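Source file final.cif; content: mmCIF, C-alpha atoms.
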data_model
loop_
_atom_site.label_atom_id
_atom_site.label_comp_id
_atom_site.auth_asym_id
_atom_site.auth_seq_id
_atom_site.Cartn_x
_atom_site.Cartn_y
_atom_site.Cartn_z
CA MET A 10 1.62 -29.33 11.64
CA LYS A 11 0.71 -27.19 14.63
CA LYS A 12 -2.84 -25.93 15.16
CA ALA A 13 -3.63 -22.25 14.84
CA PHE A 14 -6.76 -20.22 15.58
CA LEU A 15 -8.17 -17.06 14.03
CA ALA A 16 -10.66 -15.17 16.21
CA LEU A 17 -12.62 -12.14 15.01
CA SER A 18 -14.04 -9.39 17.19
CA ASP A 19 -17.58 -10.38 16.07
CA GLY A 20 -17.12 -13.73 17.83
CA THR A 21 -16.29 -15.88 14.79
CA VAL A 22 -13.47 -18.41 15.29
CA PHE A 23 -11.65 -20.44 12.62
CA GLU A 24 -9.40 -23.41 13.38
CA GLY A 25 -6.58 -24.15 10.97
CA THR A 26 -2.89 -24.94 10.71
CA SER A 27 0.03 -22.74 11.65
CA PHE A 28 1.65 -21.21 8.58
CA GLY A 29 4.55 -19.06 9.70
CA ALA A 30 6.09 -18.25 13.07
CA ASP A 31 4.77 -19.52 16.37
CA GLY A 32 3.11 -16.94 18.56
CA GLU A 33 0.16 -14.58 18.63
CA THR A 34 -0.64 -11.45 16.66
CA ILE A 35 -3.41 -8.85 16.62
CA GLY A 36 -4.50 -6.58 13.79
CA GLU A 37 -7.31 -5.46 11.53
CA VAL A 38 -8.25 -8.40 9.29
CA VAL A 39 -8.65 -7.45 5.62
CA PHE A 40 -8.67 -9.29 2.29
CA ASN A 41 -6.61 -8.91 -0.88
CA THR A 42 -7.96 -10.22 -4.20
CA SER A 43 -4.63 -10.40 -6.09
CA MET A 44 -3.94 -13.78 -7.71
CA THR A 45 -0.18 -13.24 -7.49
CA GLY A 46 2.15 -10.89 -5.65
CA TYR A 47 2.09 -12.23 -2.10
CA GLN A 48 5.70 -11.18 -1.60
CA GLU A 49 5.00 -7.57 -2.56
CA VAL A 50 1.90 -7.57 -0.32
CA LEU A 51 3.87 -8.87 2.65
CA THR A 52 6.55 -6.18 2.29
CA ASP A 53 4.26 -3.21 1.55
CA PRO A 54 4.49 -0.90 4.60
CA SER A 55 0.87 0.15 3.96
CA TYR A 56 -0.19 -3.14 5.57
CA LYS A 57 1.29 -2.26 8.94
CA GLY A 58 -1.40 -2.95 11.56
CA GLN A 59 -3.29 -5.42 9.37
CA ILE A 60 -3.74 -9.17 9.08
CA VAL A 61 -4.03 -9.95 5.37
CA THR A 62 -6.25 -12.65 3.89
CA MET A 63 -5.37 -13.71 0.35
CA THR A 64 -8.61 -14.64 -1.44
CA TYR A 65 -6.85 -16.62 -4.17
CA SER A 66 -6.61 -20.10 -2.72
CA HIS A 67 -3.05 -21.17 -3.61
CA GLN A 68 -0.16 -19.11 -2.22
CA GLY A 69 3.59 -19.65 -2.32
CA ASN A 70 3.84 -21.59 -5.58
CA TYR A 71 6.65 -19.45 -7.05
CA GLY A 72 8.55 -19.09 -3.79
CA ILE A 73 10.48 -16.04 -2.57
CA ASN A 74 13.20 -14.01 -4.27
CA GLU A 75 15.17 -10.93 -3.27
CA GLU A 76 14.05 -8.82 -6.25
CA ASP A 77 10.33 -8.74 -5.47
CA ILE A 78 10.42 -7.18 -2.01
CA GLU A 79 8.95 -3.69 -1.67
CA SER A 80 10.79 -2.63 1.50
CA GLY A 81 13.36 -3.90 3.97
CA ARG A 82 11.09 -6.49 5.60
CA PRO A 83 7.50 -7.79 5.85
CA TRP A 84 5.10 -5.40 7.60
CA VAL A 85 1.85 -7.37 7.83
CA GLU A 86 0.74 -8.29 11.34
CA GLY A 87 -0.40 -11.73 10.17
CA PHE A 88 -1.05 -13.76 7.02
CA ILE A 89 -4.02 -15.97 6.11
CA VAL A 90 -4.09 -18.45 3.20
CA LYS A 91 -6.32 -21.31 2.13
CA GLU A 92 -3.69 -23.64 0.69
CA PRO A 93 0.06 -23.00 0.99
CA CYS A 94 2.60 -24.38 -1.45
CA LEU A 95 5.60 -25.95 0.30
CA TYR A 96 7.44 -26.91 -2.90
CA PRO A 97 7.66 -23.82 -5.13
CA SER A 98 8.70 -23.89 -8.77
CA SER A 99 10.36 -20.81 -10.28
CA TRP A 100 13.78 -20.08 -11.75
CA ARG A 101 13.93 -16.96 -9.57
CA SER A 102 12.99 -18.65 -6.29
CA SER A 103 15.57 -18.71 -3.51
CA ASP A 104 13.32 -19.55 -0.55
CA VAL A 105 9.96 -21.01 0.48
CA LEU A 106 7.13 -18.74 1.67
CA LEU A 107 6.71 -20.70 4.93
CA ALA A 108 10.41 -20.34 5.80
CA TYR A 109 10.31 -16.64 4.90
CA LEU A 110 7.39 -16.00 7.26
CA LYS A 111 9.10 -17.91 10.07
CA ARG A 112 12.38 -16.09 9.59
CA HIS A 113 10.67 -12.70 9.89
CA GLY A 114 8.41 -13.65 12.79
CA ILE A 115 5.13 -13.37 10.85
CA VAL A 116 2.35 -15.44 12.43
CA GLY A 117 0.00 -17.02 9.90
CA ILE A 118 -2.77 -19.55 9.50
CA SER A 119 -3.71 -21.86 6.61
CA GLY A 120 -6.41 -24.41 5.88
CA ILE A 121 -9.39 -22.22 6.77
CA ASP A 122 -12.28 -21.25 4.51
CA THR A 123 -10.96 -17.93 3.21
CA ARG A 124 -14.10 -17.40 1.11
CA ALA A 125 -16.27 -17.58 4.22
CA LEU A 126 -13.92 -15.19 6.00
CA THR A 127 -14.03 -12.76 3.08
CA ARG A 128 -17.83 -12.79 3.07
CA ILE A 129 -17.86 -11.94 6.77
CA ILE A 130 -15.55 -8.97 6.14
CA ARG A 131 -17.64 -7.80 3.18
CA ASP A 132 -20.87 -8.03 5.19
CA LYS A 133 -19.66 -6.66 8.51
CA GLY A 134 -16.58 -4.66 7.54
CA ALA A 135 -12.91 -4.96 8.39
CA MET A 136 -12.54 -5.75 12.08
CA GLN A 137 -9.94 -6.57 14.70
CA ALA A 138 -8.72 -10.17 14.86
CA VAL A 139 -6.21 -12.43 16.56
CA ILE A 140 -4.15 -15.30 15.13
CA SER A 141 -2.64 -17.57 17.76
CA THR A 142 -0.65 -20.78 17.83
CA ILE A 143 -0.14 -20.59 21.61
CA ASP A 144 -3.67 -20.02 22.92
CA GLY A 145 -6.40 -22.42 21.85
CA HIS A 146 -9.20 -20.95 23.95
CA PRO A 147 -11.76 -19.39 21.54
CA LEU A 148 -13.54 -17.12 24.03
CA ARG A 149 -10.27 -15.75 25.33
CA LEU A 150 -9.06 -15.00 21.80
CA VAL A 151 -12.31 -13.26 20.86
CA LYS A 152 -12.00 -11.13 23.99
CA LYS A 153 -8.48 -10.10 22.95
CA ALA A 154 -9.75 -9.12 19.50
CA LYS A 155 -12.62 -7.08 20.96
CA GLU A 156 -10.31 -5.25 23.35
CA SER A 157 -7.65 -4.35 20.76
CA PRO A 158 -7.70 -0.64 19.80
CA GLY A 159 -7.97 -0.75 15.99
CA LEU A 160 -6.38 1.61 13.44
CA VAL A 161 -8.46 4.79 13.77
CA GLY A 162 -6.46 7.54 15.47
CA VAL A 163 -3.22 5.51 15.57
CA ASP A 164 -0.07 6.94 13.94
CA LEU A 165 1.47 3.99 12.11
CA VAL A 166 3.52 6.17 9.76
CA LYS A 167 6.15 6.85 12.40
CA GLU A 168 6.76 3.08 12.63
CA VAL A 169 7.41 2.56 8.92
CA SER A 170 9.05 5.80 7.73
CA CYS A 171 12.81 6.00 7.12
CA GLU A 172 15.00 7.43 9.88
CA LYS A 173 17.16 9.68 7.70
CA PRO A 174 17.19 10.99 4.11
CA TYR A 175 18.64 8.90 1.29
CA ALA A 176 19.03 9.14 -2.48
CA TRP A 177 17.43 6.73 -4.97
CA SER A 178 18.47 6.11 -8.58
CA GLU A 179 17.46 2.50 -9.33
CA GLY A 180 15.02 2.06 -12.22
CA LEU A 181 12.39 -0.52 -13.12
CA TRP A 182 13.19 -4.21 -13.51
CA THR A 183 13.99 -5.87 -16.83
CA ILE A 184 14.57 -9.55 -17.48
CA GLU A 185 17.96 -8.78 -19.04
CA ASP A 186 19.43 -6.60 -16.30
CA GLY A 187 17.20 -6.82 -13.25
CA TYR A 188 17.29 -3.47 -11.44
CA LYS A 189 19.86 -0.86 -12.35
CA LYS A 190 20.18 2.89 -12.69
CA ARG A 191 18.36 4.00 -15.83
CA PRO A 192 18.86 7.67 -16.63
CA SER A 193 16.33 8.91 -19.16
CA LYS A 194 17.09 11.15 -22.10
CA GLY A 195 16.63 14.86 -21.55
CA LYS A 196 16.35 16.85 -18.36
CA ARG A 197 16.32 15.12 -14.98
CA PHE A 198 14.08 16.58 -12.31
CA LYS A 199 15.00 16.84 -8.64
CA VAL A 200 12.23 15.36 -6.50
CA VAL A 201 11.92 15.19 -2.72
CA ALA A 202 9.75 12.23 -1.69
CA TYR A 203 8.09 12.06 1.72
CA ASP A 204 8.27 8.52 3.09
CA TYR A 205 5.00 7.65 4.81
CA GLY A 206 5.62 3.95 4.10
CA MET A 207 7.28 4.01 0.69
CA LYS A 208 7.16 1.13 -1.78
CA ARG A 209 10.35 0.70 -3.77
CA ASN A 210 8.56 0.38 -7.10
CA ILE A 211 7.24 3.91 -6.68
CA LEU A 212 10.83 5.13 -6.44
CA ARG A 213 11.83 3.02 -9.44
CA SER A 214 8.92 4.45 -11.44
CA LEU A 215 9.90 8.01 -10.56
CA SER A 216 13.50 7.28 -11.54
CA ASN A 217 12.48 5.76 -14.85
CA ALA A 218 10.27 8.77 -15.60
CA GLY A 219 13.22 11.15 -15.26
CA CYS A 220 13.47 12.01 -11.56
CA ASP A 221 16.50 12.13 -9.27
CA VAL A 222 14.84 11.30 -5.94
CA THR A 223 15.79 12.13 -2.38
CA VAL A 224 13.62 10.34 0.19
CA VAL A 225 12.99 12.09 3.50
CA PRO A 226 11.34 10.96 6.75
CA ALA A 227 7.64 11.71 7.25
CA SER A 228 8.41 14.22 10.01
CA THR A 229 10.62 16.41 7.80
CA SER A 230 9.56 20.07 7.91
CA ALA A 231 8.41 22.00 4.87
CA GLU A 232 11.25 24.45 5.42
CA THR A 233 13.83 21.67 5.20
CA VAL A 234 12.28 20.35 1.98
CA LEU A 235 12.18 23.78 0.34
CA ALA A 236 15.82 24.38 1.34
CA MET A 237 16.69 21.35 -0.83
CA ASN A 238 15.32 23.33 -3.82
CA PRO A 239 13.43 20.48 -5.50
CA ASP A 240 11.60 20.73 -8.82
CA GLY A 241 8.72 18.73 -7.34
CA ILE A 242 7.48 17.00 -4.20
CA PHE A 243 6.12 13.47 -3.95
CA LEU A 244 3.88 12.12 -1.15
CA SER A 245 4.06 8.34 -0.72
CA ASN A 246 1.71 5.56 0.25
CA GLY A 247 1.54 4.43 3.87
CA PRO A 248 -0.56 2.70 6.53
CA GLY A 249 -3.53 3.61 8.63
CA ASP A 250 -5.57 6.69 9.41
CA PRO A 251 -4.50 9.94 7.66
CA ASP A 252 -6.04 12.01 10.48
CA ALA A 253 -3.57 10.39 12.87
CA VAL A 254 -0.61 12.04 11.09
CA PRO A 255 -1.22 15.78 11.72
CA TYR A 256 2.45 16.73 11.30
CA ALA A 257 2.34 15.43 7.71
CA LYS A 258 -0.75 17.49 6.91
CA GLU A 259 0.82 20.61 8.41
CA SER A 260 4.05 20.23 6.39
CA VAL A 261 2.22 19.59 3.13
CA ALA A 262 -0.07 22.59 3.70
CA LYS A 263 3.03 24.81 3.78
CA LEU A 264 4.30 23.31 0.51
CA ILE A 265 1.10 23.80 -1.50
CA GLY A 266 1.70 26.34 -4.25
CA LYS A 267 5.47 26.35 -3.68
CA ARG A 268 6.26 23.34 -5.92
CA PRO A 269 4.36 20.81 -8.08
CA ILE A 270 3.08 17.96 -5.87
CA PHE A 271 2.08 14.37 -6.68
CA GLY A 272 0.57 12.05 -4.05
CA ILE A 273 -0.29 8.34 -4.01
CA CYS A 274 -2.61 6.50 -1.57
CA LEU A 275 -1.95 7.89 1.94
CA GLY A 276 -0.14 10.76 0.22
CA HIS A 277 -3.38 11.46 -1.69
CA GLN A 278 -5.33 11.54 1.57
CA ILE A 279 -2.79 13.74 3.37
CA LEU A 280 -2.78 16.18 0.45
CA SER A 281 -6.58 16.32 0.64
CA LEU A 282 -6.45 17.09 4.36
CA ALA A 283 -3.83 19.77 3.74
CA LEU A 284 -6.21 21.36 1.22
CA GLY A 285 -8.90 21.53 3.91
CA GLY A 286 -10.75 18.34 3.03
CA ARG A 287 -11.95 15.34 5.03
CA THR A 288 -11.39 11.60 4.85
CA TYR A 289 -13.51 8.69 6.06
CA LYS A 290 -13.05 4.98 6.71
CA LEU A 291 -14.39 2.54 4.13
CA LYS A 292 -16.35 -0.51 5.22
CA PHE A 293 -13.76 -3.04 4.04
CA GLY A 294 -11.51 -1.02 1.74
CA HIS A 295 -10.01 -1.82 -1.65
CA ARG A 296 -7.11 -4.29 -1.78
CA GLY A 297 -6.11 -6.14 -4.90
CA ALA A 298 -4.85 -5.81 -8.45
CA ASN A 299 -8.13 -5.72 -10.37
CA GLN A 300 -9.95 -2.51 -9.45
CA PRO A 301 -11.47 -0.63 -12.44
CA VAL A 302 -10.86 3.12 -12.45
CA ARG A 303 -11.91 5.73 -15.02
CA ASP A 304 -9.61 8.63 -15.80
CA LEU A 305 -12.13 11.43 -16.26
CA THR A 306 -9.57 13.49 -18.19
CA THR A 307 -9.03 10.95 -20.97
CA LYS A 308 -12.25 8.89 -20.46
CA LYS A 309 -10.10 5.75 -20.44
CA VAL A 310 -10.62 2.87 -18.01
CA GLU A 311 -7.58 1.34 -16.32
CA ILE A 312 -7.31 -1.77 -14.17
CA THR A 313 -5.46 -0.77 -11.04
CA ALA A 314 -3.65 -2.07 -7.98
CA GLN A 315 -5.11 -0.78 -4.72
CA ASN A 316 -4.51 -1.00 -0.99
CA HIS A 317 -6.42 1.42 1.22
CA GLY A 318 -9.06 1.50 3.93
CA PHE A 319 -9.82 5.24 3.88
CA ALA A 320 -11.14 7.55 1.16
CA VAL A 321 -11.47 11.28 0.45
CA ASP A 322 -14.78 13.12 0.80
CA MET A 323 -14.81 15.39 -2.26
CA GLU A 324 -17.76 17.39 -0.94
CA SER A 325 -15.30 18.85 1.56
CA LEU A 326 -13.07 20.08 -1.31
CA LYS A 327 -15.71 21.81 -3.44
CA GLY A 328 -14.25 24.81 -5.22
CA VAL A 329 -10.69 23.78 -4.28
CA ALA A 330 -10.09 20.53 -6.17
CA GLU A 331 -11.88 18.44 -8.78
CA VAL A 332 -12.25 14.69 -9.20
CA THR A 333 -9.98 13.26 -11.92
CA HIS A 334 -10.44 9.51 -11.35
CA ILE A 335 -13.34 7.45 -10.04
CA ASN A 336 -13.72 3.83 -8.93
CA LEU A 337 -16.20 2.08 -11.21
CA ASN A 338 -17.20 -0.47 -8.56
CA ASP A 339 -18.41 1.86 -5.83
CA ARG A 340 -17.94 5.38 -7.29
CA THR A 341 -15.46 6.43 -4.61
CA VAL A 342 -12.86 9.08 -5.44
CA GLU A 343 -9.65 7.68 -6.93
CA GLY A 344 -7.93 10.89 -7.97
CA LEU A 345 -8.07 14.68 -7.70
CA ALA A 346 -6.36 17.79 -9.00
CA HIS A 347 -6.31 21.36 -7.73
CA THR A 348 -8.40 23.75 -9.79
CA LYS A 349 -5.51 26.24 -10.15
CA LEU A 350 -2.26 24.97 -8.63
CA PRO A 351 0.09 22.30 -10.05
CA LEU A 352 -0.78 19.37 -7.82
CA PHE A 353 -2.63 16.10 -8.21
CA SER A 354 -2.99 12.76 -6.47
CA VAL A 355 -4.48 9.29 -6.86
CA GLN A 356 -5.83 6.85 -4.31
CA TYR A 357 -4.60 3.75 -6.12
CA HIS A 358 -1.09 2.47 -6.92
CA PRO A 359 0.16 3.34 -10.44
CA GLU A 360 3.48 1.62 -9.71
CA ALA A 361 1.59 -1.71 -9.37
CA SER A 362 3.91 -4.39 -7.95
CA PRO A 363 1.83 -6.46 -7.94
CA GLY A 364 -0.68 -5.52 -10.59
CA PRO A 365 -1.21 -4.16 -14.10
CA HIS A 366 0.83 -1.30 -15.55
CA ASP A 367 -2.11 0.67 -16.98
CA SER A 368 -1.41 3.68 -14.75
CA GLN A 369 2.33 4.25 -15.29
CA TYR A 370 1.44 7.34 -17.33
CA LEU A 371 0.86 9.24 -14.07
CA PHE A 372 4.59 9.42 -13.38
CA LYS A 373 5.09 10.97 -16.83
CA ARG A 374 2.25 13.38 -16.04
CA PHE A 375 4.11 14.49 -12.91
CA VAL A 376 7.33 15.04 -14.89
CA GLU A 377 5.44 17.07 -17.49
CA MET A 378 3.95 19.19 -14.71
CA MET A 379 7.42 19.92 -13.33
CA GLY A 380 8.61 20.72 -16.85
CA ARG A 381 6.00 23.45 -17.10
CA GLY A 382 7.42 24.98 -13.94
#
Target encoding structure tokens, full file:
Amino acid sequence: MKKAFLALSDGTVFEGTSFGADGETIGEVVFNTSMTGYQEVLTDPSYKGQIVTMTYSHQGNYGINEEDIESGRPWVEGFIVKEPCLYPSSWRSSDVLLAYLKRHGIVGISGIDTRALTRIIRDKGAMQAVISTIDGHPLRLVKKAKESPGLVGVDLVKEVSCEKPYAWSEGLWTIEDGYKKRPSKGKRFKVVAYDYGMKRNILRSLSNAGCDVTVVPASTSAETVLAMNPDGIFLSNGPGDPDAVPYAKESVAKLIGKRPIFGICLGHQILSLALGGRTYKLKFGHRGANQPVRDLTTKKVEITAQNHGFAVDMESLKGVAEVTHINLNDRTVEGLAHTKLPLFSVQYHPEASPGPHDSQYLFKRFVEMMGRG
């Protein structure tokens, strides 16, 4: 197998084996603690601009299948694993992870000490890094990492958003039928969903909850959305710095108070900015399927799927919004609601994929909000 090198902007260099396409890639190196779900991680548009380290040592053991992708293609800049599986075993598998990475041009590295790498990120924070199979000069690679611009101030949403509106009706997966349209009993609600980097399982969850969804590009004006006469507006997940997407904030600000609004992840951050709040970058972020969150409304604790590197400063929203969910590891804000208007948002991913389903109730909460008008 071909050698590969991972160089961090702090000067650390790891030597391993190529696991994916040949070439060189640059991005912010982060870690994900999920034990399963590598396919969903790879295809989550929120990872645009990032090199993802999987902390669980064995990756690829159930292969690749067409049903578990979260968008049209992988979006990670690079992929790091300790031990890859080249001979997967699953009745659903139609491909091998290595072949999938090669086919989509994703540069990766295996055989390095991912625990040591994770400790570096936890101690020093997420940082720029380079994976290369074509340049074996450590100092040169470190220099490239140091000189790369990073994610702050970069609009990545425009690279992952859809180009034109489309309708969505597919529901959640079942072992009997896979994915199919699943109309719910009772009234269906018309929802316009802004695509900042949409995961498909969000759309499936909305559909299952009773929503007929039309997805629109991130740059769509508030006037265009209101002309579609929706019952509610959804703000999706997405990559990078929320302050780098001013057009999204401006559109959402014009929609506040006009319709019920529900936001997830980047959508949560953009809604906060539109309300006059501030966001800040976390040291190494939250990425995985095991983050404990307390719903302050019900006092229940849920185990959640998360993928974000920024958070909302609730001090900047005093008197406007209140905290509804809190992360029990570091006490960061995981959800908010307006004190008067019908809008709420969460920082984590209630649609999971991968992850537990503890938070699916939030889609029902959105439907109930629309039902109240």
Within 12 Å of A:Thr233, counting all atoms listed in the file, which residues qualify if same-chain residues fewer than 5 places away don't, as a compact mmCIF listing (two decimals) with C-alpha atoms, in the frame of the given file?
# COMPACT_ATOMS: atom_id res chain seq x y z
CA PRO A 174 17.19 10.99 4.11
CA VAL A 201 11.92 15.19 -2.72
CA TYR A 203 8.09 12.06 1.72
CA VAL A 225 12.99 12.09 3.50
CA PRO A 226 11.34 10.96 6.75
CA ALA A 227 7.64 11.71 7.25
CA SER A 228 8.41 14.22 10.01
CA ASN A 238 15.32 23.33 -3.82
CA PRO A 239 13.43 20.48 -5.50
CA SER A 260 4.05 20.23 6.39
CA VAL A 261 2.22 19.59 3.13
CA LYS A 263 3.03 24.81 3.78
CA LEU A 264 4.30 23.31 0.51
* What lies within 7 Å of A:Ala314 using only C-alpha atoms, ignoring chain neighbours under 3 positions off, as a PyMOL selection string? -> chain A and resi 297-300+357-358+361+364-365
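Between A:His347 and the candidates A:Ile270, A:Ile89, A:Ala253, A:Leu150, the tightest atom-to-atom separation, counting only C-alpha atoms, involves A:Ile270.
With only C-alpha atoms as the atoms that count, the residue of A:Thr333, A:Ser80, A:Asn210, A:Gln315 with the shortest distance to A:Gln356 is A:Gln315.
Note that atom CA of A:Asn336 and atom CA of A:Thr313 are 9.7 Å apart.
Residue nearest A:Thr306 within the list A:Gly344, A:Pro83, A:Gly117, A:Gly272: A:Gly344 [criterion: smallest interatomic distance, only C-alpha atoms].
Once all atoms listed in the file are considered, the residues situated within 8 Å of the file point (-9.2, 2.5, 0.4) turn out to be Cys274, Lys290, Leu291, Gly294, His295, Arg296, Gln315, Asn316, His317, Gly318, Phe319, Ala320 and Gln356 of chain A.
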* Neighbours of stretch 128-136 of chain A within 9 Å (all atoms listed in the file; same-chain residues fewer than 2 positions away dropped), as a count of residues only? -> 21
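Counting only C-alpha atoms, the residue from A:Gly87, A:Lys189, A:Asp104, A:Thr127 that sits nearest to A:Tyr65 is A:Thr127.
Around A:Leu244, within 8 Å and counting only C-alpha atoms, the residues found are Ala202, Tyr203, Asp204, Tyr205, Ile270, Phe271, Gly272, Ile273, Leu275, Gly276, His277 and Leu280 of chain A, once anything fewer than 4 positions away on its own chain is removed.
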Output C-alpha atoms for every residue in the selection just made, as a short mmCIF file (atom, residue, chain, number, x, y, z; two decimals), in the coordinates of the input.
data_model
loop_
_atom_site.label_atom_id
_atom_site.label_comp_id
_atom_site.auth_asym_id
_atom_site.auth_seq_id
_atom_site.Cartn_x
_atom_site.Cartn_y
_atom_site.Cartn_z
CA ALA A 202 9.75 12.23 -1.69
CA TYR A 203 8.09 12.06 1.72
CA ASP A 204 8.27 8.52 3.09
CA TYR A 205 5.00 7.65 4.81
CA ILE A 270 3.08 17.96 -5.87
CA PHE A 271 2.08 14.37 -6.68
CA GLY A 272 0.57 12.05 -4.05
CA ILE A 273 -0.29 8.34 -4.01
CA LEU A 275 -1.95 7.89 1.94
CA GLY A 276 -0.14 10.76 0.22
CA HIS A 277 -3.38 11.46 -1.69
CA LEU A 280 -2.78 16.18 0.45
#
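One finds atom CA of A:Leu15 at 23.2 Å from atom CA of A:Glu49.
You will find atom CA of A:Val22 at 26.0 Å from atom CA of A:Val163.
Here the PyMOL selection byres ((chain A and resi 74) around 9) catches exactly these residues: A:Gln48, A:Tyr71, A:Gly72, A:Ile73, A:Glu75, A:Glu76, A:Asp77, A:Ile78, A:Arg101, A:Ser102, A:Ser103, A:Asp104.
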* Name every residue that the PyMOL selection byres ((chain A and resi 114) around 12) selects in this structure, writing the answer as a PyMOL selection string with chains first and numbers rising. => chain A and resi 28-34+82-88+107-113+115-117
Can those selected residues be exported to a file as a CSV table (one decimal), keeping the file's coordinate frame so that it contains C-alpha atoms?
chain,number,residue,atom,x,y,z
A,28,PHE,CA,1.6,-21.2,8.6
A,29,GLY,CA,4.6,-19.1,9.7
A,30,ALA,CA,6.1,-18.2,13.1
A,31,ASP,CA,4.8,-19.5,16.4
A,32,GLY,CA,3.1,-16.9,18.6
A,33,GLU,CA,0.2,-14.6,18.6
A,34,THR,CA,-0.6,-11.4,16.7
A,82,ARG,CA,11.1,-6.5,5.6
A,83,PRO,CA,7.5,-7.8,5.8
A,84,TRP,CA,5.1,-5.4,7.6
A,85,VAL,CA,1.8,-7.4,7.8
A,86,GLU,CA,0.7,-8.3,11.3
A,87,GLY,CA,-0.4,-11.7,10.2
A,88,PHE,CA,-1.0,-13.8,7.0
A,107,LEU,CA,6.7,-20.7,4.9
A,108,ALA,CA,10.4,-20.3,5.8
A,109,TYR,CA,10.3,-16.6,4.9
A,110,LEU,CA,7.4,-16.0,7.3
A,111,LYS,CA,9.1,-17.9,10.1
A,112,ARG,CA,12.4,-16.1,9.6
A,113,HIS,CA,10.7,-12.7,9.9
A,115,ILE,CA,5.1,-13.4,10.8
A,116,VAL,CA,2.4,-15.4,12.4
A,117,GLY,CA,0.0,-17.0,9.9
* Structure fact -> From the list A:His366, A:Lys349, A:His334, A:Arg303, the nearest residue to A:Gly266 using all atoms listed in the file is A:Lys349
Completed stretch 116-127 of chain A (N, CA, C and O atoms) as a tab-separated table (two decimals), in the frame of the given file:
chain	number	residue	atom	x	y	z
A	116	VAL	N	3.28	-14.38	12.05
A	116	VAL	CA	2.35	-15.44	12.43
A	116	VAL	C	1.28	-15.57	11.36
A	116	VAL	O	0.71	-14.57	10.92
A	117	GLY	N	1.02	-16.80	10.93
A	117	GLY	CA	0.00	-17.02	9.90
A	117	GLY	C	-0.83	-18.25	10.17
A	117	GLY	O	-0.55	-19.04	11.08
A	118	ILE	N	-1.89	-18.40	9.38
A	118	ILE	CA	-2.77	-19.55	9.50
A	118	ILE	C	-3.18	-20.00	8.10
A	118	ILE	O	-3.40	-19.17	7.20
A	119	SER	N	-3.27	-21.30	7.88
A	119	SER	CA	-3.71	-21.86	6.61
A	119	SER	C	-4.79	-22.90	6.86
A	119	SER	O	-5.05	-23.30	8.00
A	120	GLY	N	-5.42	-23.33	5.78
A	120	GLY	CA	-6.41	-24.41	5.88
A	120	GLY	C	-7.78	-23.97	6.34
A	120	GLY	O	-8.63	-24.82	6.63
A	121	ILE	N	-8.05	-22.68	6.40
A	121	ILE	CA	-9.39	-22.22	6.77
A	121	ILE	C	-10.16	-21.83	5.51
A	121	ILE	O	-9.57	-21.68	4.43
A	122	ASP	N	-11.44	-21.64	5.64
A	122	ASP	CA	-12.28	-21.25	4.51
A	122	ASP	C	-12.15	-19.74	4.29
A	122	ASP	O	-12.86	-18.94	4.90
A	123	THR	N	-11.22	-19.36	3.42
A	123	THR	CA	-10.96	-17.93	3.21
A	123	THR	C	-12.13	-17.24	2.50
A	123	THR	O	-12.32	-16.03	2.63
A	124	ARG	N	-12.93	-18.01	1.75
A	124	ARG	CA	-14.10	-17.40	1.11
A	124	ARG	C	-15.15	-17.02	2.16
A	124	ARG	O	-15.76	-15.96	2.08
A	125	ALA	N	-15.33	-17.89	3.14
A	125	ALA	CA	-16.27	-17.58	4.22
A	125	ALA	C	-15.79	-16.37	5.01
A	125	ALA	O	-16.59	-15.49	5.37
A	126	LEU	N	-14.49	-16.32	5.28
A	126	LEU	CA	-13.92	-15.19	6.00
A	126	LEU	C	-14.11	-13.89	5.21
A	126	LEU	O	-14.50	-12.86	5.78
A	127	THR	N	-13.87	-13.95	3.92
A	127	THR	CA	-14.03	-12.76	3.08
A	127	THR	C	-15.47	-12.26	3.07
A	127	THR	O	-15.73	-11.06	3.13
